[in-house]
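Below is one structure; the comments refer to it alone.
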Amino acid sequence: MIKLITESTDYLISKGFDNPEIGIILGTGLGLLTQEIEVLHEVSYNHIPNFPTATVEFHKGKLIYGHLAGKKVVVMQGRFHVYEGYSLQDVTYPVRVMEKLGITTLLVSNASGAINLDFKKGELMLIDDHINLQGSSPLAFKGVEELGERFTDMSAPYNLDINEKFKAIAKANNIKLHEGVYASVVGPQLETRAEYRMLKIIGADAVGMSTVPEIIVANHLNLKVAAVSVLTDECDPDDLKPVDIGEIIAMAAKAEPDMITLFKELIKTL
């Protein structure tokens with residue numbers, strides 16, 4: 001894998017991706033942050049050697065390099081999921097490439113369903129901890145120790161200092177920011193009533209189909225990492241409505257300005 005990562009990184013360096021400080025992964029319906037970036041270079045995933053290609057229609061599939069809030073950033077506009085048929089190593093490959101390019105901090109966004117019924121759709125949740133329900137680990141492969149500590153510590157996977165800054169920024173800007181536990185499932189089907197009840201019992205506040213693999217690998221690489229969920233639907237097993245993907249995208253768009261404020265103001269402090 002080291003050879004593959006080096007090939008991808010060398011290609012991006014040749015395209016002008018010069019020592020970014022911060023990596024950003026944009027989740028479902030959360031692409032407008034790119035309009036805030038002074039874009040210097042962008043490359044489609046399918047042009048990058050050894051990169052997977054996004055297959056979900058609302059994930060754009062571009063890697064963007066530029067300036068945001070005075071910092072050099074590299075942004076994934078579109079991410080990869082196990083439900084697309086990719087392995088966990090494929091899903092997290094871009095994190096390894098971004099780290100090789102030079103990032104020391106990774107910021108992640110996603111869309112998720114609210115298990116905690118005190119949380120409402122259109123609101124944001126800062127991820128404090130997570131539950132991996134994807135059935136395996138992105139570190140479970142031969143030779144992983146060549147890239148970092150095999151037995152990666154996960155006692156505090158989300159950077160406490162960054163999370164405190166996020167909370168202060170939310171308060172200063174009158175943004176409702178919950179804090180909770182994110183459960184990551186495989187998908188792509190949504191959960192049953194019984195599954196929502198199970199998730200609540202085991203301590204999840206929100207559920208989605210991404211993020212946790214990238215967080216595990218970021219910790220493997222000793223990156224500072226933080227993540228924010230846009231809550232796009234309410235998962236009440238006693239009053240469960242059929243899922244409308246269009247409404248989920250609309251809810252992500254509604255919350256996106258607050259997400260942009262959080263990310264921009266945070267990056268100024270890093």
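Following the order of the structure tokens, first chain is A, next is B, and so on, with residues numbered from 1 inside each chain and ligands from 1 in the order they appear.
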Query - All helix (DSSP H, G or I) positions in stretch 45-222 of chain A, as a count of residues only - result: 54
Report task. List every residue of stretch 98-257 of chain A that DSSP, applied to the backbone, labels as strand (DSSP E), and write the result as a VMD selection string. Result -> chain A and resid 105 to 114 124 to 132 177 to 184 206 to 208 224 to 234
Query raised in the report: Given the choices A:Val225, A:Leu240, A:Leu33, A:Ile48, which gets closest to A:Met154 if the distance is worked out from only C-alpha atoms?
Result: A:Val225
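Among A:Asn19, A:Asn46, A:Ser155, A:Ser184, the residue with the shortest atom-to-atom distance to A:Ala206, counting only C-alpha atoms, is A:Ser184.
In this structure, atom CA of A:Val186 sits 6.2 Å away from atom CA of A:Val82.
Between A:Met1 and the residues A:Ile267, A:Leu177, A:Leu30, A:Val97, the shortest atom-to-atom distance, using only C-alpha atoms, involves A:Val97.
Within 8 Å of A:Leu139, once only C-alpha atoms are used and residues closer than 5 positions along the same chain are dropped, the contacting residues are Gln89, Val144, Arg150, Ile216 and Val217 of chain A.
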**Report entry** Selection: 12 Å around stretch 14-18 of chain A, only C-alpha atoms, excl. self and same-chain fewer than 2 positions, as a ChimeraX atom specification
**Finding:** /A:7-12,20-23,39-44,47-48,63-67,71-75,97-98,100-103
Could those residues be written to a file, using N, CA and C atoms, as a compact mmCIF listing (two decimals), in the first residue's frame?
```
# COMPACT_ATOMS: atom_id res chain seq x y z
N GLU A 7 2.41 6.85 -5.11
CA GLU A 7 2.04 7.19 -6.49
C GLU A 7 0.94 8.24 -6.52
N SER A 8 -0.08 8.05 -5.67
CA SER A 8 -1.18 9.02 -5.61
C SER A 8 -0.68 10.38 -5.15
N THR A 9 0.16 10.37 -4.12
CA THR A 9 0.67 11.62 -3.55
C THR A 9 1.55 12.36 -4.55
N ASP A 10 2.44 11.63 -5.20
CA ASP A 10 3.33 12.26 -6.18
C ASP A 10 2.54 12.91 -7.31
N TYR A 11 1.46 12.25 -7.75
CA TYR A 11 0.62 12.81 -8.80
C TYR A 11 0.01 14.13 -8.34
N LEU A 12 -0.53 14.14 -7.11
CA LEU A 12 -1.19 15.35 -6.60
C LEU A 12 -0.18 16.48 -6.38
N PRO A 20 -0.73 20.84 2.24
CA PRO A 20 -1.94 21.30 2.95
C PRO A 20 -1.81 21.03 4.44
N GLU A 21 -2.44 21.90 5.24
CA GLU A 21 -2.38 21.75 6.69
C GLU A 21 -3.59 20.98 7.23
N ILE A 22 -4.74 21.16 6.55
CA ILE A 22 -6.00 20.63 7.05
C ILE A 22 -6.70 19.86 5.94
N GLY A 23 -7.19 18.66 6.26
CA GLY A 23 -8.02 17.90 5.34
C GLY A 23 -9.48 18.00 5.77
N VAL A 39 -9.95 28.37 -4.54
CA VAL A 39 -9.50 27.12 -5.16
C VAL A 39 -8.28 27.38 -6.03
N LEU A 40 -7.22 26.65 -5.74
CA LEU A 40 -6.01 26.75 -6.55
C LEU A 40 -5.91 25.61 -7.55
N HIS A 41 -6.32 24.41 -7.10
CA HIS A 41 -6.26 23.25 -7.98
C HIS A 41 -7.39 22.29 -7.61
N GLU A 42 -7.91 21.57 -8.58
CA GLU A 42 -8.86 20.49 -8.28
C GLU A 42 -8.65 19.36 -9.28
N VAL A 43 -8.85 18.15 -8.80
CA VAL A 43 -8.63 16.95 -9.61
C VAL A 43 -9.78 15.98 -9.37
N SER A 44 -10.36 15.45 -10.44
CA SER A 44 -11.38 14.41 -10.30
C SER A 44 -10.74 13.15 -9.76
N HIS A 47 -9.00 10.65 -11.98
CA HIS A 47 -7.71 10.99 -12.60
C HIS A 47 -6.54 10.71 -11.66
N ILE A 48 -6.84 10.45 -10.38
CA ILE A 48 -5.78 10.23 -9.40
C ILE A 48 -5.39 8.76 -9.39
N LEU A 63 -11.15 16.14 -5.61
CA LEU A 63 -10.25 16.57 -4.55
C LEU A 63 -9.84 18.00 -4.87
N ILE A 64 -10.05 18.89 -3.90
CA ILE A 64 -9.85 20.33 -4.10
C ILE A 64 -8.75 20.83 -3.17
N TYR A 65 -7.88 21.67 -3.72
CA TYR A 65 -6.80 22.26 -2.93
C TYR A 65 -6.89 23.78 -3.03
N GLY A 66 -6.76 24.45 -1.88
CA GLY A 66 -6.80 25.90 -1.91
C GLY A 66 -6.66 26.49 -0.53
N HIS A 67 -7.10 27.75 -0.39
CA HIS A 67 -7.01 28.47 0.87
C HIS A 67 -8.40 28.67 1.45
N LYS A 71 -5.76 29.27 5.74
CA LYS A 71 -5.01 28.01 5.83
C LYS A 71 -5.06 27.25 4.50
N LYS A 72 -4.02 26.45 4.28
CA LYS A 72 -4.01 25.58 3.09
C LYS A 72 -4.81 24.31 3.41
N VAL A 73 -5.81 24.04 2.59
CA VAL A 73 -6.69 22.90 2.85
C VAL A 73 -6.76 22.00 1.63
N VAL A 74 -7.03 20.73 1.88
CA VAL A 74 -7.37 19.78 0.82
C VAL A 74 -8.73 19.19 1.20
N VAL A 75 -9.67 19.24 0.25
CA VAL A 75 -11.07 18.93 0.53
C VAL A 75 -11.55 17.80 -0.36
N VAL A 97 -3.64 9.33 1.87
CA VAL A 97 -3.01 10.20 0.88
C VAL A 97 -2.92 11.63 1.40
N MET A 98 -4.00 12.13 2.02
CA MET A 98 -3.98 13.49 2.56
C MET A 98 -2.92 13.64 3.64
N LYS A 100 -0.15 11.92 3.82
CA LYS A 100 1.14 11.90 3.12
C LYS A 100 1.42 13.25 2.46
N LEU A 101 0.36 13.95 2.04
CA LEU A 101 0.53 15.30 1.46
C LEU A 101 0.96 16.31 2.52
N GLY A 102 0.62 16.03 3.81
CA GLY A 102 1.09 16.91 4.87
C GLY A 102 0.08 17.35 5.90
N ILE A 103 -1.21 16.94 5.78
CA ILE A 103 -2.19 17.42 6.76
C ILE A 103 -1.86 16.90 8.16
```
